[in-house]
file entry.txt (compact mmCIF, N, CA and C atoms and all ligand atoms)
# COMPACT_ATOMS: atom_id res chain seq x y z
N MET A 1206 1.77 25.22 -7.75
CA MET A 1206 1.67 23.80 -8.07
C MET A 1206 0.93 23.08 -6.96
N ALA A 1207 -0.06 22.29 -7.34
CA ALA A 1207 -0.84 21.57 -6.33
C ALA A 1207 -0.02 20.40 -5.78
N LYS A 1208 -0.24 20.14 -4.53
CA LYS A 1208 0.42 18.98 -3.93
C LYS A 1208 -0.11 17.70 -4.56
N SER A 1209 0.75 16.76 -4.71
CA SER A 1209 0.32 15.44 -5.18
C SER A 1209 -0.70 14.87 -4.21
N ASN A 1210 -1.75 14.30 -4.73
CA ASN A 1210 -2.69 13.65 -3.83
C ASN A 1210 -2.89 12.20 -4.20
N LYS A 1211 -1.83 11.62 -4.75
CA LYS A 1211 -1.82 10.17 -4.93
C LYS A 1211 -0.76 9.58 -4.01
N CYS A 1212 -1.06 8.39 -3.49
CA CYS A 1212 -0.07 7.73 -2.65
C CYS A 1212 1.19 7.48 -3.47
N ASP A 1213 2.34 7.87 -2.93
CA ASP A 1213 3.59 7.71 -3.67
C ASP A 1213 4.05 6.26 -3.73
N TRP A 1214 3.40 5.40 -2.98
CA TRP A 1214 3.75 4.00 -3.09
C TRP A 1214 2.78 3.24 -3.99
N CYS A 1215 1.47 3.31 -3.72
CA CYS A 1215 0.52 2.46 -4.45
C CYS A 1215 -0.32 3.23 -5.45
N GLY A 1216 -0.29 4.56 -5.42
CA GLY A 1216 -0.97 5.34 -6.44
C GLY A 1216 -2.44 5.62 -6.20
N VAL A 1217 -3.00 5.15 -5.10
CA VAL A 1217 -4.42 5.45 -4.86
C VAL A 1217 -4.58 6.92 -4.49
N GLU A 1218 -5.77 7.42 -4.73
CA GLU A 1218 -6.10 8.80 -4.40
C GLU A 1218 -6.06 9.00 -2.88
N VAL A 1219 -5.41 10.06 -2.45
CA VAL A 1219 -5.39 10.39 -1.03
C VAL A 1219 -5.99 11.78 -0.86
N LEU A 1220 -7.10 11.85 -0.12
CA LEU A 1220 -7.77 13.13 0.10
C LEU A 1220 -6.97 13.98 1.07
N GLU A 1221 -7.20 15.29 1.00
CA GLU A 1221 -6.45 16.22 1.85
C GLU A 1221 -6.65 15.92 3.34
N ASP A 1222 -7.83 15.39 3.70
CA ASP A 1222 -8.09 15.15 5.12
C ASP A 1222 -7.83 13.69 5.50
N ASP A 1223 -6.98 13.03 4.75
CA ASP A 1223 -6.72 11.62 5.03
C ASP A 1223 -5.27 11.28 4.70
N GLY A 1224 -4.80 10.18 5.21
CA GLY A 1224 -3.47 9.68 4.85
C GLY A 1224 -2.34 10.34 5.61
N TYR A 1225 -1.14 10.16 5.08
CA TYR A 1225 0.08 10.66 5.71
C TYR A 1225 0.88 11.49 4.73
N ARG A 1226 1.57 12.49 5.24
CA ARG A 1226 2.53 13.24 4.44
C ARG A 1226 3.88 13.16 5.15
N LEU A 1227 4.91 12.91 4.38
CA LEU A 1227 6.26 12.91 4.91
C LEU A 1227 6.99 14.09 4.28
N ILE A 1228 7.55 14.95 5.11
CA ILE A 1228 8.15 16.18 4.58
C ILE A 1228 9.56 16.40 5.12
N GLN A 1229 10.35 17.09 4.32
CA GLN A 1229 11.67 17.58 4.72
C GLN A 1229 11.66 19.09 4.51
N PRO A 1230 11.29 19.85 5.54
CA PRO A 1230 11.15 21.31 5.36
C PRO A 1230 12.41 21.99 4.83
N LYS A 1231 13.57 21.56 5.28
CA LYS A 1231 14.80 22.23 4.88
C LYS A 1231 15.00 22.18 3.36
N ARG A 1232 14.59 21.08 2.75
CA ARG A 1232 14.81 20.90 1.31
C ARG A 1232 13.54 21.07 0.49
N ASN A 1233 12.42 21.47 1.16
CA ASN A 1233 11.16 21.68 0.45
C ASN A 1233 10.67 20.41 -0.25
N LEU A 1234 10.86 19.29 0.39
CA LEU A 1234 10.47 18.02 -0.21
C LEU A 1234 9.33 17.38 0.56
N GLY A 1235 8.50 16.64 -0.18
CA GLY A 1235 7.40 15.94 0.46
C GLY A 1235 6.99 14.71 -0.31
N ALA A 1236 6.22 13.86 0.35
CA ALA A 1236 5.64 12.67 -0.29
C ALA A 1236 4.33 12.37 0.42
N THR A 1237 3.45 11.65 -0.30
CA THR A 1237 2.10 11.38 0.18
C THR A 1237 1.89 9.87 0.30
N PHE A 1238 1.18 9.47 1.35
CA PHE A 1238 0.90 8.04 1.55
C PHE A 1238 -0.52 7.84 1.99
N CYS A 1239 -1.14 6.76 1.49
CA CYS A 1239 -2.51 6.46 1.89
C CYS A 1239 -2.54 5.92 3.31
N ARG A 1240 -1.48 5.18 3.69
CA ARG A 1240 -1.42 4.69 5.06
C ARG A 1240 0.03 4.49 5.46
N LEU A 1241 0.22 4.36 6.77
CA LEU A 1241 1.57 4.32 7.32
C LEU A 1241 2.39 3.17 6.75
N GLU A 1242 1.75 2.03 6.52
CA GLU A 1242 2.47 0.85 6.04
C GLU A 1242 3.17 1.11 4.70
N HIS A 1243 2.67 2.07 3.94
CA HIS A 1243 3.26 2.30 2.62
C HIS A 1243 4.49 3.21 2.68
N VAL A 1244 4.75 3.80 3.83
CA VAL A 1244 5.97 4.59 3.99
C VAL A 1244 7.19 3.67 3.95
N VAL A 1245 7.03 2.47 4.50
CA VAL A 1245 8.17 1.57 4.67
C VAL A 1245 8.77 1.11 3.33
N PRO A 1246 7.96 0.47 2.44
CA PRO A 1246 8.56 0.03 1.17
C PRO A 1246 9.01 1.20 0.30
N TRP A 1247 8.30 2.32 0.41
CA TRP A 1247 8.68 3.49 -0.39
C TRP A 1247 10.07 4.00 0.01
N LEU A 1248 10.29 4.12 1.31
CA LEU A 1248 11.59 4.60 1.77
C LEU A 1248 12.70 3.63 1.39
N MET A 1249 12.40 2.34 1.43
CA MET A 1249 13.44 1.35 1.17
C MET A 1249 13.71 1.18 -0.32
N GLN A 1250 12.67 1.32 -1.16
CA GLN A 1250 12.83 0.98 -2.57
C GLN A 1250 12.77 2.16 -3.53
N LYS A 1251 12.04 3.22 -3.19
CA LYS A 1251 11.88 4.33 -4.12
C LYS A 1251 12.56 5.59 -3.60
N ASP A 1252 12.07 6.08 -2.48
CA ASP A 1252 12.68 7.25 -1.87
C ASP A 1252 12.75 8.43 -2.85
N ASP A 1253 11.74 8.53 -3.72
CA ASP A 1253 11.72 9.63 -4.69
C ASP A 1253 10.74 10.71 -4.22
N TRP A 1254 11.31 11.83 -3.82
CA TRP A 1254 10.54 12.91 -3.21
C TRP A 1254 10.05 13.88 -4.28
N HIS A 1255 9.01 14.63 -3.92
CA HIS A 1255 8.54 15.72 -4.77
C HIS A 1255 8.97 17.04 -4.16
N ILE A 1256 9.24 17.99 -5.04
CA ILE A 1256 9.47 19.35 -4.55
C ILE A 1256 8.12 20.01 -4.35
N TRP A 1257 7.86 20.42 -3.13
CA TRP A 1257 6.61 21.11 -2.80
C TRP A 1257 6.94 22.55 -2.48
N ASN A 1258 5.96 23.42 -2.66
CA ASN A 1258 6.16 24.82 -2.33
C ASN A 1258 6.07 25.04 -0.83
N ASN A 1259 7.02 25.79 -0.32
CA ASN A 1259 6.87 26.33 1.03
C ASN A 1259 6.59 25.25 2.07
N VAL A 1260 7.43 24.24 2.13
CA VAL A 1260 7.27 23.19 3.13
C VAL A 1260 7.73 23.72 4.49
N GLN A 1261 6.82 23.68 5.45
CA GLN A 1261 7.10 24.24 6.77
C GLN A 1261 7.12 23.15 7.84
N VAL A 1262 7.90 23.40 8.87
CA VAL A 1262 7.83 22.55 10.05
C VAL A 1262 6.41 22.66 10.60
N PRO A 1263 5.76 21.51 10.87
CA PRO A 1263 4.36 21.57 11.35
C PRO A 1263 4.23 22.36 12.65
N GLU A 1264 3.08 22.99 12.80
CA GLU A 1264 2.81 23.69 14.05
C GLU A 1264 2.60 22.68 15.17
N ASN A 1265 2.96 23.09 16.35
CA ASN A 1265 2.70 22.29 17.55
C ASN A 1265 3.39 20.93 17.54
N VAL A 1266 4.44 20.78 16.75
CA VAL A 1266 5.14 19.50 16.75
C VAL A 1266 6.21 19.54 17.84
N SER A 1267 6.46 18.38 18.42
CA SER A 1267 7.50 18.31 19.44
C SER A 1267 8.87 18.59 18.81
N PRO A 1268 9.76 19.29 19.52
CA PRO A 1268 11.11 19.51 19.00
C PRO A 1268 12.01 18.29 19.19
N LEU A 1269 11.43 17.21 19.70
CA LEU A 1269 12.22 16.00 19.96
C LEU A 1269 11.85 14.90 18.98
N ASP A 1270 12.83 14.08 18.65
CA ASP A 1270 12.63 12.93 17.78
C ASP A 1270 11.60 11.98 18.42
N ALA A 1271 10.57 11.60 17.63
CA ALA A 1271 9.48 10.79 18.19
C ALA A 1271 9.94 9.42 18.63
N ARG A 1272 11.05 8.97 18.09
CA ARG A 1272 11.51 7.62 18.38
C ARG A 1272 12.61 7.62 19.44
N THR A 1273 13.56 8.52 19.30
CA THR A 1273 14.73 8.49 20.18
C THR A 1273 14.69 9.54 21.27
N GLY A 1274 13.85 10.57 21.12
CA GLY A 1274 13.79 11.61 22.13
C GLY A 1274 14.90 12.63 22.05
N THR A 1275 15.76 12.52 21.04
CA THR A 1275 16.83 13.51 20.90
C THR A 1275 16.29 14.77 20.23
N GLU A 1276 16.98 15.87 20.46
CA GLU A 1276 16.53 17.15 19.91
C GLU A 1276 16.73 17.17 18.39
N LEU A 1277 15.72 17.68 17.69
CA LEU A 1277 15.78 17.73 16.22
C LEU A 1277 16.51 18.97 15.76
N ASP A 1278 17.18 18.84 14.61
CA ASP A 1278 17.79 20.02 14.01
C ASP A 1278 17.11 20.33 12.68
N GLU A 1279 17.70 21.21 11.90
CA GLU A 1279 17.03 21.67 10.67
C GLU A 1279 16.95 20.59 9.60
N ASP A 1280 17.68 19.50 9.75
CA ASP A 1280 17.60 18.40 8.79
C ASP A 1280 16.43 17.46 9.07
N ALA A 1281 15.64 17.75 10.07
CA ALA A 1281 14.60 16.83 10.52
C ALA A 1281 13.56 16.55 9.44
N LEU A 1282 12.99 15.35 9.51
CA LEU A 1282 11.84 14.95 8.69
C LEU A 1282 10.62 14.91 9.58
N TYR A 1283 9.46 15.16 8.98
CA TYR A 1283 8.22 15.12 9.76
C TYR A 1283 7.20 14.25 9.03
N LEU A 1284 6.56 13.40 9.81
CA LEU A 1284 5.49 12.57 9.28
C LEU A 1284 4.18 13.11 9.86
N ILE A 1285 3.26 13.45 8.98
CA ILE A 1285 2.03 14.11 9.41
C ILE A 1285 0.84 13.24 9.04
N HIS A 1286 0.10 12.87 10.05
CA HIS A 1286 -1.11 12.08 9.84
C HIS A 1286 -2.29 13.04 9.67
N HIS A 1287 -2.92 13.02 8.50
CA HIS A 1287 -4.10 13.85 8.25
C HIS A 1287 -5.33 13.02 8.60
N ARG A 1288 -6.09 13.50 9.55
CA ARG A 1288 -7.31 12.78 9.94
C ARG A 1288 -8.40 13.80 10.15
N GLY A 1289 -9.26 13.98 9.14
CA GLY A 1289 -10.24 15.05 9.20
C GLY A 1289 -9.51 16.38 9.29
N ASP A 1290 -9.90 17.21 10.23
CA ASP A 1290 -9.23 18.49 10.41
C ASP A 1290 -7.95 18.36 11.24
N ALA A 1291 -7.75 17.21 11.85
CA ALA A 1291 -6.59 17.05 12.72
C ALA A 1291 -5.33 16.78 11.91
N ARG A 1292 -4.21 17.32 12.38
CA ARG A 1292 -2.91 17.06 11.79
C ARG A 1292 -2.00 16.60 12.93
N ILE A 1293 -1.66 15.33 12.90
CA ILE A 1293 -0.88 14.77 14.00
C ILE A 1293 0.54 14.56 13.48
N SER A 1294 1.48 15.30 14.04
CA SER A 1294 2.83 15.33 13.47
C SER A 1294 3.85 14.72 14.40
N ASP A 1295 4.80 14.01 13.80
CA ASP A 1295 5.94 13.48 14.55
C ASP A 1295 7.21 13.81 13.79
N GLY A 1296 8.24 14.18 14.54
CA GLY A 1296 9.50 14.56 13.92
C GLY A 1296 10.55 13.48 14.10
N PHE A 1297 11.48 13.44 13.14
CA PHE A 1297 12.54 12.43 13.15
C PHE A 1297 13.85 13.06 12.69
N ALA A 1298 14.94 12.60 13.27
CA ALA A 1298 16.25 13.14 12.92
C ALA A 1298 16.67 12.71 11.51
N ASP A 1299 16.27 11.52 11.09
CA ASP A 1299 16.69 11.03 9.78
C ASP A 1299 15.71 9.98 9.24
N LYS A 1300 15.96 9.55 7.99
CA LYS A 1300 15.06 8.58 7.35
C LYS A 1300 15.03 7.25 8.09
N ASP A 1301 16.17 6.84 8.61
CA ASP A 1301 16.19 5.57 9.34
C ASP A 1301 15.23 5.60 10.52
N GLY A 1302 15.12 6.75 11.14
CA GLY A 1302 14.18 6.91 12.25
C GLY A 1302 12.75 6.76 11.81
N VAL A 1303 12.41 7.38 10.68
CA VAL A 1303 11.06 7.27 10.14
C VAL A 1303 10.75 5.80 9.82
N LEU A 1304 11.73 5.17 9.19
CA LEU A 1304 11.56 3.77 8.77
C LEU A 1304 11.31 2.86 9.97
N ALA A 1305 12.14 3.00 10.97
CA ALA A 1305 12.01 2.14 12.16
C ALA A 1305 10.67 2.38 12.85
N TRP A 1306 10.28 3.65 12.91
CA TRP A 1306 9.04 4.02 13.59
C TRP A 1306 7.84 3.49 12.82
N ALA A 1307 7.85 3.64 11.50
CA ALA A 1307 6.74 3.16 10.67
C ALA A 1307 6.65 1.64 10.70
N LYS A 1308 7.79 0.98 10.65
CA LYS A 1308 7.81 -0.48 10.74
C LYS A 1308 7.19 -0.97 12.04
N ALA A 1309 7.43 -0.22 13.09
CA ALA A 1309 6.93 -0.62 14.41
C ALA A 1309 5.45 -0.27 14.59
N GLY A 1310 4.84 0.35 13.59
CA GLY A 1310 3.43 0.66 13.68
C GLY A 1310 3.13 2.08 14.09
N GLY A 1311 4.15 2.91 14.18
CA GLY A 1311 3.95 4.33 14.44
C GLY A 1311 3.51 4.64 15.84
N ARG A 1312 2.72 5.68 15.93
CA ARG A 1312 2.31 6.26 17.20
C ARG A 1312 1.53 5.29 18.08
N TYR A 1313 0.88 4.34 17.45
CA TYR A 1313 -0.03 3.48 18.23
C TYR A 1313 0.59 2.15 18.60
N SER A 1314 1.90 2.01 18.34
CA SER A 1314 2.58 0.80 18.78
C SER A 1314 2.86 0.92 20.28
N THR A 1315 3.09 -0.20 20.92
CA THR A 1315 3.34 -0.15 22.36
C THR A 1315 4.77 -0.58 22.66
ZN ZN A 1401 -0.65 3.59 -0.62

call {"tool": "encode", "arguments": {"input": "entry.txt", "output": "structure tokens"}}
result
Amino acid sequence: MAKSNKCDWCGVEVLEDDGYRLIQPKRNLGATFCRLEHVVPWLMQKDDWHIWNNVQVPENVSPLDARTGTELDEDALYLIHHRGDARISDGFADKDGVLAWAKAGGRYST
């Protein structure tokens, strides 16, 4: 089964080398977003995940929560920014962490 390539919030086409993917490796779940801002309303209002095949913890991701710095366990969620060939991944202990981080503007907030 092909991965969804429409934004799960607004429905626009998201190319494989663009946008964000939010995954839960333990439960084989994922969702697609055209941009970080769309993660926030989706998590708060929809939170409807897709079952994806073989969802893996991203390579080279920190074992620590991107927001709190605590060690992640198998329940962790990962937000992956696809930018060309680059895959920039951040891990979170729970959905609230993803939400707070995305609201704050993600990796590029100060
Ligand atoms: Zn969108």

call {"tool": "select_by_dssp", "arguments": {"input": "entry.txt", "residues": "chain A", "states": "strand (DSSP E)", "output": "PyMOL selection string"}}
result
chain A and resi 1225-1229+1234-1238+1255-1256+1282-1288+1291-1297

call {"tool": "residues_near_ligand", "arguments": {"input": "entry.txt", "ligand": "ligand ZN 1401 (chain A)", "cutoff": "8 Å", "atoms": "only C-alpha atoms and all ligand atoms", "output": "list in words"}}
result
Lys1211, Cys1212, Asp1213, Trp1214, Cys1215, Gly1216, Val1217, Phe1238, Cys1239, Arg1240, Glu1242 and His1243 of chain A

call {"tool": "closest_atom_pairs", "arguments": {"input": "entry.txt", "of": "stretch 1226-1279 of chain A", "to": "stretch 1304-1312 of chain A", "cutoff": "7 Å", "atoms": "all atoms listed in the file", "output": "JSON lines"}}
result
{"residue": "A:Leu1241", "atom": "C", "partner": "A:Ala1307", "partner_atom": "CA", "distance": 5.9}
{"residue": "A:Glu1242", "atom": "CA", "partner": "A:Ala1307", "partner_atom": "C", "distance": 6.3}
{"residue": "A:Val1244", "atom": "C", "partner": "A:Leu1304", "partner_atom": "CA", "distance": 6.5}
{"residue": "A:Val1245", "atom": "CA", "partner": "A:Leu1304", "partner_atom": "CA", "distance": 5.8}
{"residue": "A:Arg1272", "atom": "CA", "partner": "A:Trp1306", "partner_atom": "CA", "distance": 6.5}

call {"tool": "residues_near_point", "arguments": {"input": "entry.txt", "point": "(14.1, 15.9, 3.0)", "cutoff": "8 Å", "atoms": "only C-alpha atoms", "output": "list in words"}}
result
Ile1228, Gln1229, Pro1230, Lys1231, Arg1232, Asn1233, Leu1234, Gly1235, Trp1254, Asp1280, Ala1281 and Leu1282 of chain A

call {"tool": "write_last_selection", "arguments": {"input": "entry.txt", "atoms": "N, CA and C atoms", "output": "PDB file, keeping the file's coordinate frame"}}
result
ATOM      1  N   ILE A1228       7.550  14.950   5.110  1.00  0.00           N
ATOM      2  CA  ILE A1228       8.150  16.180   4.580  1.00  0.00           C
ATOM      3  C   ILE A1228       9.560  16.400   5.120  1.00  0.00           C
ATOM      4  N   GLN A1229      10.350  17.090   4.320  1.00  0.00           N
ATOM      5  CA  GLN A1229      11.670  17.580   4.720  1.00  0.00           C
ATOM      6  C   GLN A1229      11.660  19.090   4.510  1.00  0.00           C
ATOM      7  N   PRO A1230      11.290  19.850   5.540  1.00  0.00           N
ATOM      8  CA  PRO A1230      11.150  21.310   5.360  1.00  0.00           C
ATOM      9  C   PRO A1230      12.410  21.990   4.830  1.00  0.00           C
ATOM     10  N   LYS A1231      13.570  21.560   5.280  1.00  0.00           N
ATOM     11  CA  LYS A1231      14.800  22.230   4.880  1.00  0.00           C
ATOM     12  C   LYS A1231      15.000  22.180   3.360  1.00  0.00           C
ATOM     13  N   ARG A1232      14.590  21.080   2.750  1.00  0.00           N
ATOM     14  CA  ARG A1232      14.810  20.900   1.310  1.00  0.00           C
ATOM     15  C   ARG A1232      13.540  21.070   0.490  1.00  0.00           C
ATOM     16  N   ASN A1233      12.420  21.470   1.160  1.00  0.00           N
ATOM     17  CA  ASN A1233      11.160  21.680   0.450  1.00  0.00           C
ATOM     18  C   ASN A1233      10.670  20.410  -0.250  1.00  0.00           C
ATOM     19  N   LEU A1234      10.860  19.290   0.390  1.00  0.00           N
ATOM     20  CA  LEU A1234      10.470  18.020  -0.210  1.00  0.00           C
ATOM     21  C   LEU A1234       9.330  17.380   0.560  1.00  0.00           C
ATOM     22  N   GLY A1235       8.500  16.640  -0.180  1.00  0.00           N
ATOM     23  CA  GLY A1235       7.400  15.940   0.460  1.00  0.00           C
ATOM     24  C   GLY A1235       6.990  14.710  -0.310  1.00  0.00           C
ATOM     25  N   TRP A1254      11.310  11.830  -3.820  1.00  0.00           N
ATOM     26  CA  TRP A1254      10.540  12.910  -3.210  1.00  0.00           C
ATOM     27  C   TRP A1254      10.050  13.880  -4.280  1.00  0.00           C
ATOM     28  N   ASP A1280      17.680  19.500   9.750  1.00  0.00           N
ATOM     29  CA  ASP A1280      17.600  18.400   8.790  1.00  0.00           C
ATOM     30  C   ASP A1280      16.430  17.460   9.070  1.00  0.00           C
ATOM     31  N   ALA A1281      15.640  17.750  10.070  1.00  0.00           N
ATOM     32  CA  ALA A1281      14.600  16.830  10.520  1.00  0.00           C
ATOM     33  C   ALA A1281      13.560  16.550   9.440  1.00  0.00           C
ATOM     34  N   LEU A1282      12.990  15.350   9.510  1.00  0.00           N
ATOM     35  CA  LEU A1282      11.840  14.950   8.690  1.00  0.00           C
ATOM     36  C   LEU A1282      10.620  14.910   9.580  1.00  0.00           C
TER      37      LEU A1282
END

call {"tool": "atom_distance", "arguments": {"input": "entry.txt", "atom1": "atom CA of A:Gln1261", "atom2": "atom CA of A:Gly1274"}}
result
21.0 Å

call {"tool": "build_atoms", "arguments": {"input": "entry.txt", "residues": "stretch 1286-1307 of chain A", "atoms": "N, CA, C and O atoms", "output": "tab-separated table (two decimals), in the coordinates of the input"}}
result
chain	number	residue	atom	x	y	z
A	1286	HIS	N	0.10	12.87	10.05
A	1286	HIS	CA	-1.11	12.08	9.84
A	1286	HIS	C	-2.29	13.04	9.67
A	1286	HIS	O	-2.60	13.79	10.58
A	1287	HIS	N	-2.92	13.02	8.50
A	1287	HIS	CA	-4.10	13.85	8.25
A	1287	HIS	C	-5.33	13.02	8.60
A	1287	HIS	O	-5.55	11.96	8.03
A	1288	ARG	N	-6.09	13.50	9.55
A	1288	ARG	CA	-7.31	12.78	9.94
A	1288	ARG	C	-8.40	13.80	10.15
A	1288	ARG	O	-8.45	14.45	11.19
A	1289	GLY	N	-9.26	13.98	9.14
A	1289	GLY	CA	-10.24	15.05	9.20
A	1289	GLY	C	-9.51	16.38	9.29
A	1289	GLY	O	-8.58	16.62	8.52
A	1290	ASP	N	-9.90	17.21	10.23
A	1290	ASP	CA	-9.23	18.49	10.41
A	1290	ASP	C	-7.95	18.36	11.24
A	1290	ASP	O	-7.18	19.31	11.34
A	1291	ALA	N	-7.75	17.21	11.85
A	1291	ALA	CA	-6.59	17.05	12.72
A	1291	ALA	C	-5.33	16.78	11.91
A	1291	ALA	O	-5.37	16.13	10.86
A	1292	ARG	N	-4.21	17.32	12.38
A	1292	ARG	CA	-2.91	17.06	11.79
A	1292	ARG	C	-2.00	16.60	12.93
A	1292	ARG	O	-1.64	17.39	13.80
A	1293	ILE	N	-1.66	15.33	12.90
A	1293	ILE	CA	-0.88	14.77	14.00
A	1293	ILE	C	0.54	14.56	13.48
A	1293	ILE	O	0.77	13.74	12.58
A	1294	SER	N	1.48	15.30	14.04
A	1294	SER	CA	2.83	15.33	13.47
A	1294	SER	C	3.85	14.72	14.40
A	1294	SER	O	3.78	14.89	15.63
A	1295	ASP	N	4.80	14.01	13.80
A	1295	ASP	CA	5.94	13.48	14.55
A	1295	ASP	C	7.21	13.81	13.79
A	1295	ASP	O	7.25	13.71	12.56
A	1296	GLY	N	8.24	14.18	14.54
A	1296	GLY	CA	9.50	14.56	13.92
A	1296	GLY	C	10.55	13.48	14.10
A	1296	GLY	O	10.53	12.71	15.06
A	1297	PHE	N	11.48	13.44	13.14
A	1297	PHE	CA	12.54	12.43	13.15
A	1297	PHE	C	13.85	13.06	12.69
A	1297	PHE	O	13.86	13.90	11.80
A	1298	ALA	N	14.94	12.60	13.27
A	1298	ALA	CA	16.25	13.14	12.92
A	1298	ALA	C	16.67	12.71	11.51
A	1298	ALA	O	17.37	13.45	10.82
A	1299	ASP	N	16.27	11.52	11.09
A	1299	ASP	CA	16.69	11.03	9.78
A	1299	ASP	C	15.71	9.98	9.24
A	1299	ASP	O	14.78	9.58	9.94
A	1300	LYS	N	15.96	9.55	7.99
A	1300	LYS	CA	15.06	8.58	7.35
A	1300	LYS	C	15.03	7.25	8.09
A	1300	LYS	O	13.99	6.60	8.14
A	1301	ASP	N	16.17	6.84	8.61
A	1301	ASP	CA	16.19	5.57	9.34
A	1301	ASP	C	15.23	5.60	10.52
A	1301	ASP	O	14.60	4.59	10.84
A	1302	GLY	N	15.12	6.75	11.14
A	1302	GLY	CA	14.18	6.91	12.25
A	1302	GLY	C	12.75	6.76	11.81
A	1302	GLY	O	11.95	6.09	12.46
A	1303	VAL	N	12.41	7.38	10.68
A	1303	VAL	CA	11.06	7.27	10.14
A	1303	VAL	C	10.75	5.80	9.82
A	1303	VAL	O	9.69	5.28	10.15
A	1304	LEU	N	11.73	5.17	9.19
A	1304	LEU	CA	11.56	3.77	8.77
A	1304	LEU	C	11.31	2.86	9.97
A	1304	LEU	O	10.37	2.06	9.98
A	1305	ALA	N	12.14	3.00	10.97
A	1305	ALA	CA	12.01	2.14	12.16
A	1305	ALA	C	10.67	2.38	12.85
A	1305	ALA	O	10.00	1.45	13.30
A	1306	TRP	N	10.28	3.65	12.91
A	1306	TRP	CA	9.04	4.02	13.59
A	1306	TRP	C	7.84	3.49	12.82
A	1306	TRP	O	6.90	2.93	13.39
A	1307	ALA	N	7.85	3.64	11.50
A	1307	ALA	CA	6.74	3.16	10.67
A	1307	ALA	C	6.65	1.64	10.70
A	1307	ALA	O	5.56	1.07	10.78
